[in-house]
Amino acid sequence: MYVVYMQLEEYFKVLAPDDIRLKGTRIGIESILYEYIYHCKTPEEIAEQFHTVTLEQVYATILYYLHHRSEVNAYLADWLEFSRRERQAQQQNPSPARMRFRQMQEEKAKIQLLES
């Protein structure tokens, strides 16, 4: 019988304390765990959603979360707060491309209103 032992950490690349990615991908553990925790997706559904991630990597991420729950919960809370702040900043200071898109939507709505 041939047994392979792997450390969970071998599945991840820590770019910074607030940026942990699955090795060989650009996918952060927060993306996998958000789908698992908040959207209640199965590992199979998550692997299907993220085409560059294997099912083994999804299971490793979930297992890492289960073994380091308090640290990962803090990591996720920081990520969610960062995401909220970024969305808020984007809403308050939209890019020129976003402004043009809004203008085009408004013009299209006016044309549709006039045609009806």
# chains A, B, ... in the order shown; residues from 1 in each chain; ligands from 1
>>> residues_around(residues="region 72-86 of chain A", least_positions_apart="4", cutoff="8 Å", atoms="only C-alpha atoms", output="PyMOL selection string")
chain A and resi 18+30+65+68+90
>>> write_last_selection(atoms="N, CA and C atoms", output="short mmCIF file (atom, residue, chain, number, x, y, z; two decimals), in the first residue's frame")
data_model
loop_
_atom_site.label_atom_id
_atom_site.label_comp_id
_atom_site.auth_asym_id
_atom_site.auth_seq_id
_atom_site.Cartn_x
_atom_site.Cartn_y
_atom_site.Cartn_z
N ASP A 18 -3.06 39.10 4.15
CA ASP A 18 -4.45 39.24 3.73
C ASP A 18 -4.68 38.77 2.29
N GLU A 30 -10.72 33.14 0.00
CA GLU A 30 -11.97 33.82 0.35
C GLU A 30 -13.06 33.55 -0.68
N TYR A 65 -10.02 25.62 6.42
CA TYR A 65 -10.96 26.46 7.17
C TYR A 65 -11.42 25.74 8.44
N HIS A 68 -8.64 25.76 11.02
CA HIS A 68 -8.18 27.08 11.46
C HIS A 68 -9.35 28.07 11.46
N GLN A 90 -16.25 53.08 -4.88
CA GLN A 90 -16.59 53.06 -6.30
C GLN A 90 -17.93 53.76 -6.57
#
>>> residues_around(residues="Ile29 (chain A)", least_positions_apart="5", cutoff="12 Å", atoms="only C-alpha atoms", output="number ranges by chain")
A: 9, 11-15, 18-23, 34-37, 46, 50, 53, 57-65, 72-73, 75-76, 79
>>> write_last_selection(atoms="N, CA and C atoms", output="mmCIF file, in the first residue's frame")
data_model
loop_
_atom_site.group_PDB
_atom_site.id
_atom_site.type_symbol
_atom_site.label_atom_id
_atom_site.label_comp_id
_atom_site.auth_asym_id
_atom_site.auth_seq_id
_atom_site.Cartn_x
_atom_site.Cartn_y
_atom_site.Cartn_z
ATOM 1 N N GLU A 9 -1.052 23.175 4.001
ATOM 2 C CA GLU A 9 -0.421 24.413 3.574
ATOM 3 C C GLU A 9 0.219 24.295 2.189
ATOM 4 N N TYR A 11 -1.138 23.409 -0.392
ATOM 5 C CA TYR A 11 -2.135 23.783 -1.394
ATOM 6 C C TYR A 11 -2.223 25.292 -1.603
ATOM 7 N N PHE A 12 -1.590 26.068 -0.747
ATOM 8 C CA PHE A 12 -1.785 27.517 -0.754
ATOM 9 C C PHE A 12 -0.494 28.282 -0.955
ATOM 10 N N LYS A 13 -0.644 29.479 -1.494
ATOM 11 C CA LYS A 13 0.476 30.410 -1.628
ATOM 12 C C LYS A 13 0.076 31.679 -0.886
ATOM 13 N N VAL A 14 0.835 32.035 0.126
ATOM 14 C CA VAL A 14 0.553 33.227 0.920
ATOM 15 C C VAL A 14 1.330 34.386 0.307
ATOM 16 N N LEU A 15 0.618 35.286 -0.365
ATOM 17 C CA LEU A 15 1.249 36.445 -0.985
ATOM 18 C C LEU A 15 1.421 37.568 0.028
ATOM 19 N N ASP A 18 -3.056 39.098 4.149
ATOM 20 C CA ASP A 18 -4.449 39.242 3.731
ATOM 21 C C ASP A 18 -4.679 38.770 2.294
ATOM 22 N N ASP A 19 -3.783 37.935 1.782
ATOM 23 C CA ASP A 19 -3.910 37.452 0.398
ATOM 24 C C ASP A 19 -3.364 36.029 0.292
ATOM 25 N N ILE A 20 -4.259 35.062 0.500
ATOM 26 C CA ILE A 20 -3.893 33.648 0.422
ATOM 27 C C ILE A 20 -4.578 33.068 -0.809
ATOM 28 N N ARG A 21 -3.786 32.513 -1.708
ATOM 29 C CA ARG A 21 -4.310 31.971 -2.958
ATOM 30 C C ARG A 21 -4.090 30.472 -3.038
ATOM 31 N N LEU A 22 -4.894 29.836 -3.875
ATOM 32 C CA LEU A 22 -4.674 28.427 -4.169
ATOM 33 C C LEU A 22 -3.491 28.350 -5.138
ATOM 34 N N LYS A 23 -2.526 27.506 -4.829
ATOM 35 C CA LYS A 23 -1.326 27.398 -5.664
ATOM 36 C C LYS A 23 -1.707 27.101 -7.109
ATOM 37 N N TYR A 34 -16.332 31.804 0.574
ATOM 38 C CA TYR A 34 -17.549 32.605 0.499
ATOM 39 C C TYR A 34 -18.678 31.772 -0.121
ATOM 40 N N GLU A 35 -18.354 31.072 -1.189
ATOM 41 C CA GLU A 35 -19.363 30.218 -1.832
ATOM 42 C C GLU A 35 -19.793 29.088 -0.904
ATOM 43 N N TYR A 36 -18.855 28.519 -0.186
ATOM 44 C CA TYR A 36 -19.145 27.398 0.711
ATOM 45 C C TYR A 36 -19.946 27.848 1.932
ATOM 46 N N ILE A 37 -19.518 28.919 2.573
ATOM 47 C CA ILE A 37 -20.141 29.352 3.829
ATOM 48 C C ILE A 37 -21.429 30.146 3.597
ATOM 49 N N ILE A 46 -18.627 24.300 -6.369
ATOM 50 C CA ILE A 46 -17.581 25.322 -6.331
ATOM 51 C C ILE A 46 -16.510 25.017 -7.371
ATOM 52 N N PHE A 50 -15.387 27.544 -10.472
ATOM 53 C CA PHE A 50 -14.030 28.055 -10.649
ATOM 54 C C PHE A 50 -13.247 27.050 -11.485
ATOM 55 N N VAL A 53 -9.666 25.651 -10.636
ATOM 56 C CA VAL A 53 -9.496 25.015 -9.330
ATOM 57 C C VAL A 53 -9.971 23.568 -9.411
ATOM 58 N N GLN A 57 -8.464 20.831 -4.504
ATOM 59 C CA GLN A 57 -8.115 22.135 -3.944
ATOM 60 C C GLN A 57 -9.279 22.734 -3.149
ATOM 61 N N VAL A 58 -10.487 22.526 -3.630
ATOM 62 C CA VAL A 58 -11.671 23.017 -2.908
ATOM 63 C C VAL A 58 -11.774 22.311 -1.560
ATOM 64 N N TYR A 59 -11.649 20.988 -1.568
ATOM 65 C CA TYR A 59 -11.706 20.243 -0.309
ATOM 66 C C TYR A 59 -10.577 20.657 0.633
ATOM 67 N N ALA A 60 -9.389 20.885 0.101
ATOM 68 C CA ALA A 60 -8.261 21.319 0.933
ATOM 69 C C ALA A 60 -8.560 22.674 1.569
ATOM 70 N N THR A 61 -9.176 23.577 0.810
ATOM 71 C CA THR A 61 -9.518 24.904 1.334
ATOM 72 C C THR A 61 -10.540 24.782 2.461
ATOM 73 N N ILE A 62 -11.538 23.960 2.256
ATOM 74 C CA ILE A 62 -12.571 23.768 3.286
ATOM 75 C C ILE A 62 -11.958 23.113 4.524
ATOM 76 N N LEU A 63 -11.120 22.134 4.315
ATOM 77 C CA LEU A 63 -10.466 21.471 5.448
ATOM 78 C C LEU A 63 -9.560 22.454 6.194
ATOM 79 N N TYR A 64 -8.844 23.278 5.471
ATOM 80 C CA TYR A 64 -8.005 24.306 6.094
ATOM 81 C C TYR A 64 -8.871 25.231 6.957
ATOM 82 N N TYR A 65 -10.023 25.617 6.416
ATOM 83 C CA TYR A 65 -10.964 26.457 7.166
ATOM 84 C C TYR A 65 -11.419 25.744 8.443
ATOM 85 N N VAL A 72 -9.336 31.952 10.033
ATOM 86 C CA VAL A 72 -9.943 32.134 8.714
ATOM 87 C C VAL A 72 -11.187 33.006 8.818
ATOM 88 N N ASN A 73 -11.953 32.872 9.884
ATOM 89 C CA ASN A 73 -13.111 33.765 10.064
ATOM 90 C C ASN A 73 -12.666 35.215 10.155
ATOM 91 N N TYR A 75 -9.907 36.426 8.804
ATOM 92 C CA TYR A 75 -9.452 36.721 7.439
ATOM 93 C C TYR A 75 -10.646 37.088 6.560
ATOM 94 N N LEU A 76 -11.715 36.289 6.643
ATOM 95 C CA LEU A 76 -12.910 36.550 5.839
ATOM 96 C C LEU A 76 -13.596 37.849 6.255
ATOM 97 N N TRP A 79 -11.701 40.627 4.745
ATOM 98 C CA TRP A 79 -11.947 40.667 3.305
ATOM 99 C C TRP A 79 -13.324 41.262 3.002
#
>>> atom_distance(atom1="CA of Ile27 (chain A)", atom2="CA of Ala89 (chain A)")
23.4 Å
>>> closest_residue(among="A:Ile32, A:Leu114, A:Leu8, A:Met99", to="Glu48 (chain A)", atoms="only C-alpha atoms")
A:Ile32
>>> atom_distance(atom1="CA of Glu71 (chain A)", atom2="CA of His51 (chain A)")
26.9 Å
>>> select_by_dssp(residues="region 19-86 of chain A", states="strand (DSSP E)", output="ChimeraX atom specification")
/A:19-22
>>> write_last_selection(atoms="C-alpha atoms", output="PDB file, in the first residue's frame")
ATOM      1  CA  ASP A  19      -3.910  37.452   0.398  1.00  0.00           C
ATOM      2  CA  ILE A  20      -3.893  33.648   0.422  1.00  0.00           C
ATOM      3  CA  ARG A  21      -4.310  31.971  -2.958  1.00  0.00           C
ATOM      4  CA  LEU A  22      -4.674  28.427  -4.169  1.00  0.00           C
TER       5      LEU A  22
END
